[in-house]
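Some notes on the structure that comes next.
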Amino acid sequence: ELCIRLINGGMEEVAVSFLFEPGLLHTGDMYSFNLNSLCLQIVAAPPTCPVHIGTECGDGNDSGEWKGEFFPGIPKIKYEGPSSKNPLAFKWYNANEEILGKKMKDWMRFSVAFWHTFRGTGGDPFGAPTKMWPWEDGTNSLSMAKKRMRANFEFLEKLGVDRWCFHDRDIAPDGNTLQESNSNLDEVVALAKELQGEKIRPLWGTAQLFMHPRYMHGGATSPDLGVYAYAAAQVKKAMEVTHYLGGENYVFWGGREGYQTLLNTDMERELDHMARFFEASIAYKKKIGFNGTLLIEPKPQEPTKHQYDWDAATAANFLRKYGLIDEFKLNIECNHATLSGHSCHHELETARINGLLGNIDANTGDPQIGWDTDQFLMDIGEATLVMLSVVRNGGLAPGGFNFDAKLRRESTDVEDLFIAHVAGMDTLARGLRNVAKLIEDGSLAKLVQKRYQSFDTELGAEVEAGKADFELLERKAMEWGEPKVLSAKQVKIGKT
C-alpha cells in the first residue's frame with residue numbers, strides 16, 4: 001500500500017490507500033521505493049469541486065451532506081442589457097428597474113419548479129430519459145433528495161430568484177407507509193428550511209395526487225373511501241410543510257380528478273366529494289394559521305379524458321355553485337389554456353374579471369404537438385398579452401410566475417437549465433416593457449374606448465345599471481332606425 005496524506009489548506013487530513021498489481025513495481029526502476037516507509041504529503045488549498053467527482057467534497061458517508069458546487073462553471077446571472085450576446089446574462093430583465101410604478105421583480109415574482117428543473121429526465125411518451133445530471137446517483141433515496149435540494153438552492157442563488165415550487169413526492173421519496181413518507185418529507189423539509197434562510201421561500205407547495213397507482217381513479221373524486229382519506233392525509237401534510245417553509249400559496253392540480261367514461265361515473269357525486277374535500281382543506285388551512293392563498297389549476301384533460309376543472313370558466317362555476325368562490329383563486333397555466341381551446345390571454349382575462357387570477361404557470365405548448373409539452377415561453381407577442389393581463393390585475397402578489405417548464409429532450413447540458421430560465425425571464429420582462437409602451441402611447445386604450453363610446457351616454461349608463469327595460473329600448477330602436485356599426489379596427493390592432 002502507498003500512503004498519501006492530503007492536507008487541505010492545513011486544516012484537514014485525509015488518508016487514501018492505493019493497491020498495486022503484483023509485478024507493477026520493479027527494483028532498479030525509476031518508480032521503485034520502499035512501500036513500508038514512503039508517505040507523500042501534498043499541501044493544497046480547499047477545493048471548490050464539482051459534484052460529479054464523488055464524495056471527496058462531502059462527508060464520505062452518502063448522507064446527502066455534500067457541500068461542493070453543483071454548477072461550477074456558471075456565474076451569478078447579471079443584467080447586461082439588450083446589446084449583450086451572453087446567453088448567461090439578462091438582456092431585458094433588470095430586477096430593480098421600476099416600470100409602471102413597481103420594480104420588475106415585484107411584477108414578476110419568478111419561481112423555479114423543482115419537479116421539472118431537478119426531477120425532469122427528458123423522457124416523453126415515446127422515449128426513455130435523456131438526462132442524468134452529474135449529481136444524480138440513479139436512486140430516489142433520502143440522501144439523493146437532500147443533494148437535489150442543495151442543488152436547488154444553489155441554482156436559485158445563481159439565477160437571482162427567491163421563490164421555488166414543489167410537490168411533496170418530488171422533494172422526498174415515497175415510503176412504504178404514510179408514516180414513513182411523512183418522516184422522509186420532514187427530513188428533507190428541515191434541510192430546505194435551513195438552506196432557504198430568510199430571503200427565499202416557496203411560491204407554493206402541493207401534494208402529488210396523480211402518480212401513485214392508488215390514485216388511478218382520482219384522489220378527492222376516487223370512488224374508494226380509503227383513497228379519499230389517504231389523499232386528505234397527504235394534502236394535510238403538504239399544507240403543513242408549505243406553511244412551515246413560509247409558502248405564499250397552496251395549489252390543487254386535479255390531474256386524476258375527472259373521468260375516462262361517464263358510463264361508470266357518478267359525476268354529480270364525485271363533484272360533491274371534491275367540494276367537501278376543498279371545504280376540509282379550507283378548514284385545516286385556518287386551523288393551522290396558514291394565510292396563503294388556495295389555488296386551483298385548470299386543465300381540460302390529460303391524464304384523464306375529462307378533468308373537472310376544464311378551464312377558468314368551469315372552475316369559477318364550480319366554486320360559485322359550492323360557495324367556495326371567496327376562498328380560492330386560480331393558477332392559470334398557458335399550455336393548459338391552449339389544450340382547452342383557448343389562448344392564455346383568454347384564460348387570464350376570464351380569471352381576472354372574476355376576481356380569481358392568483359398565479360401563472362409560465363409555459364407554452366407546441367401547435368404541432370397535441371399534448372402538454374411544458375415548453376419555456378419564448379414568444380414575445382404572447383408574453384406581452386400575458387403581461388397586459390397582469391398589469392390590469394395590479395400584479396399577482398402573493399402569486400407570481402412559476403416556470404412550470406422543462407428543457408427539451410435534446411437539451412442535456414447543465415448550462416441549458418440556466419439558459420432556458422434566463423430566456424423565459426427575459427421574454428416576460430420584454431412583454432412588460434411592451435405593455436409599458438402601449439400604456440404610454442395610449443392608442444390601444446383610445447381604440448377600445450371609441451369602440452364602446454355609445455354606452456358612454458345617458459341611455460348606455462341606464463343599460464349598464466340594469467334600468468333600461470325592453471319597452472324603452474324598443475322605442476329608441478324605432479327612433480334611431482338601422483344602426484351604423486363601426487369597424488373594430490382588427491388590422492390596426494395587429495399593426496400596433
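Residues in the C-alpha cells are named by chain (A, B, ... in the order shown) and by number from 1 within that chain; ligands are numbered from 1 in the order shown.
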query: Hey, what does DSSP flag as strand (DSSP E or B) within region 188-420 of chain A? Can you give it to me as number ranges by chain?
result: A: 201-206, 249-252, 258-259, 293-296, 306-307, 328-333, 357-361, 364, 375, 401-403
Residues within 10 Å of Gly355 (chain A), only C-alpha atoms, excluding chain neighbours under 3 positions, as JSON, numbers by chain: {"A": [316, 325, 326, 328, 329, 330, 349, 350, 351, 352, 358, 393]}
- prompt: Of the candidates A:Ser487, A:Met378, A:Val448, A:Thr261, which one gets nearest to Asp426 (chain A) if we count only C-alpha atoms?
  reply: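 Checking each candidate against Asp426 (chain A), we get A:Met378 as the closest.
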- request: Figure out the distance between CA of Arg409 (chain A) and CA of Glu257 (chain A), please, to one decimal in Å.
  value: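 Separation of CA of Glu257 (chain A) and CA of Arg409 (chain A): 28.2 Å.
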- request: Quick one: pick out all alpha helix (DSSP H) residues within region 285-368 of chain A from a backbone DSSP run and write them as a PyMOL selection string.
  value: chain A and resi 285-288+312-321+334-339+344-353
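The nearest approach to His336 (chain A) among the residues A:Glu98, A:Leu324, A:Asp311, A:Val241, with only C-alpha atoms taken into account, belongs to A:Asp311.
Every protein or nucleic acid residue with an atom no more than 12 Å from Gly123 (chain A), counting only C-alpha atoms and leaving out same-chain residues fewer than 5 positions away, appears here: His116, Ala128, Pro129, Thr130, Lys131, Met132, Thr373, Lys406, Leu407, Arg408, Arg409, Glu410, Ser411 and Thr412 of chain A.
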statement: Atom pair CA of Leu377 (chain A) + CA of Ala405 (chain A), distance 8.2 Å
message: Using only C-alpha atoms, can you tell me which of A:Met267, A:Leu185, A:Ala397, A:Leu209 comes closest to Arg109 (chain A)?
response: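 Closest to Arg109 (chain A), using only C-alpha atoms: A:Ala397.
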message: Using only C-alpha atoms, can you tell me which of A:Pro367, A:Gly197, A:Gly101, A:Pro82 comes closest to Gly395 (chain A)?
response: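 Selected residue with least distance to Gly395 (chain A): A:Gly101.
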- prompt: Just how far from CA of His421 (chain A) is CA of Lys147 (chain A), in Å to one decimal?
  reply: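 These atoms are spaced 21.1 Å apart.
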- prompt: So, counting only C-alpha atoms, which residue among A:Arg201, A:Lys285, A:Arg430, A:His345 is closest to Val161 (chain A)?
  reply: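 Answer, going by the shortest atom-to-atom distance: A:Arg201.
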Residues near region 162-166 of chain A, cut-off 7 Å, only C-alpha atoms, skip fewer than 3 positions along chain, as a CSV table (one decimal) with N, CA, C and O atoms, in the first residue's frame:
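Now in selection.csv:
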chain,number,residue,atom,x,y,z
A,110,PHE,N,-40.7,35.7,-9.8
A,110,PHE,CA,-40.4,34.5,-10.5
A,110,PHE,C,-40.1,33.3,-9.5
A,110,PHE,O,-39.6,33.5,-8.4
A,111,SER,N,-40.4,32.1,-10.0
A,111,SER,CA,-40.2,30.9,-9.2
A,111,SER,C,-39.7,29.8,-10.1
A,111,SER,O,-40.1,29.7,-11.2
A,112,VAL,N,-38.9,28.9,-9.5
A,112,VAL,CA,-38.4,27.7,-10.2
A,112,VAL,C,-39.2,26.5,-9.8
A,112,VAL,O,-39.4,26.3,-8.6
A,113,ALA,N,-39.6,25.7,-10.7
A,113,ALA,CA,-40.4,24.5,-10.4
A,113,ALA,C,-39.4,23.3,-10.2
A,113,ALA,O,-38.7,22.9,-11.1
A,114,PHE,N,-39.4,22.8,-9.0
A,114,PHE,CA,-38.5,21.8,-8.6
A,114,PHE,C,-38.6,20.5,-9.4
A,114,PHE,O,-37.6,19.9,-9.8
A,115,TRP,N,-39.9,20.2,-9.8
A,115,TRP,CA,-40.1,18.9,-10.5
A,115,TRP,C,-39.5,18.9,-11.9
A,115,TRP,O,-39.0,17.9,-12.3
A,156,LEU,N,-31.1,28.7,-7.5
A,156,LEU,CA,-31.9,29.9,-7.2
A,156,LEU,C,-30.9,31.1,-6.9
A,156,LEU,O,-31.2,32.2,-7.4
A,170,ASP,N,-41.9,15.0,-5.0
A,170,ASP,CA,-40.8,15.4,-5.8
A,170,ASP,C,-39.5,15.6,-5.0
A,170,ASP,O,-38.4,15.4,-5.4
A,171,ILE,N,-39.8,16.2,-3.8
A,171,ILE,CA,-38.6,16.6,-3.0
A,171,ILE,C,-38.2,15.5,-2.0
A,171,ILE,O,-37.1,15.5,-1.5
A,199,LYS,N,-34.4,34.9,3.0
A,199,LYS,CA,-34.8,35.6,1.7
A,199,LYS,C,-35.6,34.8,0.8
A,199,LYS,O,-36.3,35.3,-0.1
A,200,ILE,N,-35.5,33.4,0.8
A,200,ILE,CA,-36.1,32.6,-0.1
A,200,ILE,C,-37.3,31.8,0.5
A,200,ILE,O,-37.2,31.5,1.7
A,201,ARG,N,-38.3,31.6,-0.2
A,201,ARG,CA,-39.5,30.9,0.3
A,201,ARG,C,-40.2,30.2,-0.9
A,201,ARG,O,-40.1,30.7,-2.0
A,202,PRO,N,-41.1,29.3,-0.6
A,202,PRO,CA,-41.9,28.7,-1.7
A,202,PRO,C,-42.9,29.7,-2.2
A,202,PRO,O,-43.6,30.3,-1.3
A,203,LEU,N,-43.1,29.8,-3.5
A,203,LEU,CA,-44.2,30.5,-4.0
A,203,LEU,C,-45.5,29.7,-3.7
A,203,LEU,O,-46.5,30.2,-3.3
A,204,TRP,N,-45.4,28.4,-3.9
A,204,TRP,CA,-46.4,27.5,-3.5
A,204,TRP,C,-45.9,26.0,-3.3
A,204,TRP,O,-44.9,25.7,-3.9
A,205,GLY,N,-46.7,25.3,-2.6
A,205,GLY,CA,-46.4,23.8,-2.5
A,205,GLY,C,-47.7,23.1,-2.9
A,205,GLY,O,-48.8,23.7,-3.0
A,206,THR,N,-47.6,21.8,-3.1
A,206,THR,CA,-48.7,21.0,-3.4
A,206,THR,C,-48.5,19.5,-3.1
A,206,THR,O,-47.3,19.1,-2.9
- request: Would you mind listing what lies within 10 Å of Trp310 (chain A) as a PyMOL selection string, with only C-alpha atoms counted and same-chain residues fewer than 3 positions away left out?
  value: chain A and resi 258+297-301+306-307+313-315+336-337+339-340
